[in-house]
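A.B. asks: So that we are looking at the same thing, I have put the structure below in structure tokens.
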Amino acid sequence: MSGEVILQMIFALVGGLGIFLLGMRYMQEGLQVVAGPRIRKMINAVTGNRFLAIGIGVFVTTLVQSSSVTSVMVIGLVNSELMALSGAVGVIMGANIGTTITGWMLALKIGKYGLPIIGVCAFGWLFLKKEKYRYVALAILGIGMVFFGLELMKNGFKPLRGHPEFTTWFQMFEATDYLGVIKAALVGCLLTVVVQSSSATLGITIALANTGVIEFQTAAALVLGENIGTTITAYLASLGAEDIDAKRAAYFHILFNVLGVAWITALFHPFYLPFIKNFVIGTNPDLMNGDSYPYMTSAIAAAHSGFNIANTILFIPLVKPITRFLEKYVTGGKKGAKAYLTHLDFEVTSSPLTAIEQSTSEIKRMDNHVKEMLGNLRTIIGSTGGKETSALEEKVFEREEILDKVQIEITTFLTRLLARPLSLENAEEARAQLRLADEYESVSDYVTTVLKVHSRLKENDAPLTEQQQKVVLELHDRVDQYYETVHAGFQTSNLKEYLIKVRRDSRKITDEIRELRSLHWQRLSEQAIEPLVSTSYMDIVMAYRKIKDHLLNIAEAIEGGKIADPE
């Protein structure tokens, strides 16, 4: 083989693989944006029901076209305590089935149309105005690049078929016996670990098989190893996870594939290969030679699907025992122990869907904590003192300090996310969440402002008058009711009407506070009130107005970001 031919072959292989990988990336990005809301809804529907979790894993992975993406999402959600381990293992098993769709897609005989698909869809991505259509074009552009890259790799491998040196080298990994199957599986595993994409190594395997460089049995054995190699992505994602269940989910993924390959290789020649061949081509083996592209590719896709479907069926009754085993033996820290106060996983900002889901959950937690602070404040103001009241006061101050730090963590997390390429919808939601975190923290500040003024009065033995106490409690209840109105925006679908109501109620509270202030000044002209009591009373009233203003800002952020309740 001449040096020029070798150089052309290397160029074709490297270029084809690069285009294939970039096509997978574009396809995943486009599909995630187009199907994002549906994916998030399905992720939130995951429960401990194994069959439902498997179904969701299949569907989500079919949409994102990558089991690695789904696995990383699952690890991130488990680490943030948004998904239980029992649900995560089901999604992971389903993801292994869903990723086999890539092989069936490659079985379509449209490789020669890859280049025109790229050209047409590139114009769509560049010039279409509506974002959804642009990302549909990007997804199809990715598909075109996948097929074009596969064609380049296939053409690059063709010169190898006629050279005995390469044929002899590949024969070292021929899956003609059990040891050969193990060798081929190891090669597939190592190649996937290096490339970090089982879809890419599947494409390489298909290209080798369709040019006749390797036999179908070797291709099928390579595919088995690729299933083990793809677990490295989830494992690497779990290294940064602090929740032990996230690590357990990654270890389950490894166990699932390793044990699956172990039992399939034992049955490889007696049962597995004959079954796949009969399923795809019936009794005519001549239909699956190197020149019959659809049949060879279909057979490899069937080998990929058959392994994962059979393995999932075998593992369904074993999920609980394996989960208990992992809970018992995979340790390494107290569950839930965090370096951060939030449950955010700073390693998953590369997955916008997961990142947005995590930050949405943290905003919800801030909301619950601020609501609790308001409830505690009501109890403190309405009480006569005592140890219980002092404990509540400490709790409110402590919670406010925690929320300060939580707001900083959420801001850091979302700022990192916004630095990455995002769809307009995800970017708007991330910016709305930044504002929400700031507004909730501001509400907590003014809650403590009221408490500080109340404590100052108590320390100076200068309580509010009975009338002032009554007014403050009524105002608190009015603002607390307004909080409930604002919070309803997380559940409503009619955000326009919601915002009209919120603004109307805001104006009413503002008018009430103005009237209270006027009555206070009038009362001062009629009777003597201790200056500390007078100024403290107005400080409390104006703090409640500030709380109301920030609650209005929260409502506008909910409407602007179209944020849904994560529960």
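Letters A, B, ... go to the chains of the structure tokens in the order shown; residues in each chain start at 1; ligands are counted from 1 in the same order.
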Applying 9 Å and only C-alpha atoms, which residues near Glu441 of chain A remain after dropping the ones on its own chain fewer than 4 positions away? List them as a PyMOL selection string.
C.D. replies: chain A and resi 366+370+400+403-404+406-407+436-437+445-446
A.B. asks: Residues as selected, C-alpha atoms, written as an mmCIF file, in the first residue's frame, can you do that?
C.D. replies:
data_model
loop_
_atom_site.group_PDB
_atom_site.id
_atom_site.type_symbol
_atom_site.label_atom_id
_atom_site.label_comp_id
_atom_site.auth_asym_id
_atom_site.auth_seq_id
_atom_site.Cartn_x
_atom_site.Cartn_y
_atom_site.Cartn_z
ATOM 1 C CA MET A 366 -35.874 29.024 48.780
ATOM 2 C CA VAL A 370 -38.946 32.212 53.025
ATOM 3 C CA GLU A 400 -31.619 34.398 56.553
ATOM 4 C CA LEU A 403 -30.381 32.001 52.220
ATOM 5 C CA ASP A 404 -27.697 34.630 51.590
ATOM 6 C CA VAL A 406 -27.758 29.811 48.857
ATOM 7 C CA GLN A 407 -28.468 32.823 46.652
ATOM 8 C CA LEU A 436 -36.034 34.884 41.633
ATOM 9 C CA ALA A 437 -33.070 33.877 43.805
ATOM 10 C CA ASP A 445 -33.735 40.346 54.450
ATOM 11 C CA TYR A 446 -36.868 42.397 55.137
#
A.B. asks: Quick one: residues within 9 Å of Ala221 of chain A, only C-alpha atoms counted, chain neighbours fewer than 6 positions away excluded, as a ChimeraX atom specification?
C.D. replies: /A:174-175,180-186,188,265,268,303
A.B. asks: For segment 539-546 of chain A, find every residue with an atom within 8 Å (counting only C-alpha atoms), except residues of its own chain fewer than 6 positions away, and show them as a ChimeraX atom specification.
C.D. replies: /A:443,446-447,449-450,453,472,475-476,479,509-510,513
A.B. asks: Write out as an NGL selection string each polymer residue whose atoms come within 8 Å of Asn227 of chain A, counting only C-alpha atoms; drop sequence neighbours fewer than 4 positions from it.
C.D. replies: :A and (189 or 198 or 223 or 231 or 257)
A.B. asks: In segment 2-213 of chain A, what's helix (DSSP H, G or I) per DSSP? Answer as an MDAnalysis selection string?
C.D. replies: chainID A and resid 3:34 36:44 50:64 67:79 85:98 101:106 111:127 131:162 164:171 178:195 198:210
A.B. asks: Calculated over only C-alpha atoms, which of the candidates A:Thr384, A:Thr99, A:Gln28, A:Ser536 has the smallest distance to Val64 of chain A?
C.D. replies: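 Of A:Thr384, A:Thr99, A:Gln28, A:Ser536, the one nearest Val64 of chain A is A:Gln28, counting only C-alpha atoms.
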A.B. asks: Need to verify the contact set: segment 129-138 of chain A, 10 Å, only C-alpha atoms, exclusion of same-chain residues closer than 4 positions in sequence. Can you return it as a PyMOL selection string?
C.D. replies: chain A and resi 23+25-35+117-118+120-125+142-144+423-425
A.B. asks: Report, in Å with one decimal, the straight-line distance from atom CA of Arg456 of chain A to atom CA of Asp549 of chain A.
C.D. replies: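 Calculated distance between atom CA of Arg456 of chain A and atom CA of Asp549 of chain A is 24.5 Å.
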A.B. asks: Tell me which of A:Ile554, A:Leu524, A:Met145, A:Ile56 sits closest to Ile97 of chain A, counting only C-alpha atoms.
C.D. replies: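 The shortest atom-to-atom distance to Ile97 of chain A comes from A:Ile56.
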A.B. asks: Which neighbours of Val194 of chain A fall inside 12 Å, counting only C-alpha atoms, when residues of the same chain fewer than 6 positions from it are skipped, and could you give them as a list in words?
C.D. replies: Val187, Gly188, Ala200, Thr201, Glu226, Gly229, Thr230, Ile232 and Thr233 of chain A
A.B. asks: Any chance you can output those residues with N, CA and C atoms as a compact mmCIF listing (two decimals), in the first residue's frame?
C.D. replies:
# COMPACT_ATOMS: atom_id res chain seq x y z
N VAL A 187 -11.63 -4.95 22.98
CA VAL A 187 -11.27 -3.92 22.00
C VAL A 187 -12.39 -2.89 21.89
N GLY A 188 -13.64 -3.38 21.80
CA GLY A 188 -14.79 -2.47 21.72
C GLY A 188 -14.90 -1.59 22.94
N ALA A 200 -20.31 6.48 18.28
CA ALA A 200 -19.20 6.62 17.34
C ALA A 200 -18.52 5.28 17.09
N THR A 201 -18.29 4.51 18.15
CA THR A 201 -17.65 3.20 17.97
C THR A 201 -18.59 2.24 17.24
N GLU A 226 -18.60 -2.37 23.55
CA GLU A 226 -18.96 -0.95 23.50
C GLU A 226 -19.98 -0.60 24.58
N GLY A 229 -17.90 0.00 27.63
CA GLY A 229 -17.12 1.22 27.52
C GLY A 229 -17.93 2.48 27.75
N THR A 230 -19.21 2.45 27.35
CA THR A 230 -20.04 3.66 27.48
C THR A 230 -20.34 4.01 28.93
N ILE A 232 -18.28 4.51 31.18
CA ILE A 232 -17.24 5.38 31.73
C ILE A 232 -17.73 6.81 31.89
N THR A 233 -18.64 7.24 30.99
CA THR A 233 -19.14 8.62 31.05
C THR A 233 -19.90 8.86 32.35
A.B. asks: Fewer than 5 positions away in the same chain doesn't count, so skip those; otherwise give me all residues within 6 Å of segment 247-256 of chain A, counting only C-alpha atoms, as a PyMOL selection string.
C.D. replies: chain A and resi 231+234-235+238
A.B. asks: Return the single residue from A:Ala419, A:Ala219, A:Leu457, A:Ala427 that is closest to Ile381 of chain A, with distances computed using only C-alpha atoms.
C.D. replies: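 For Ile381 of chain A, the nearest of the candidates is A:Leu457.
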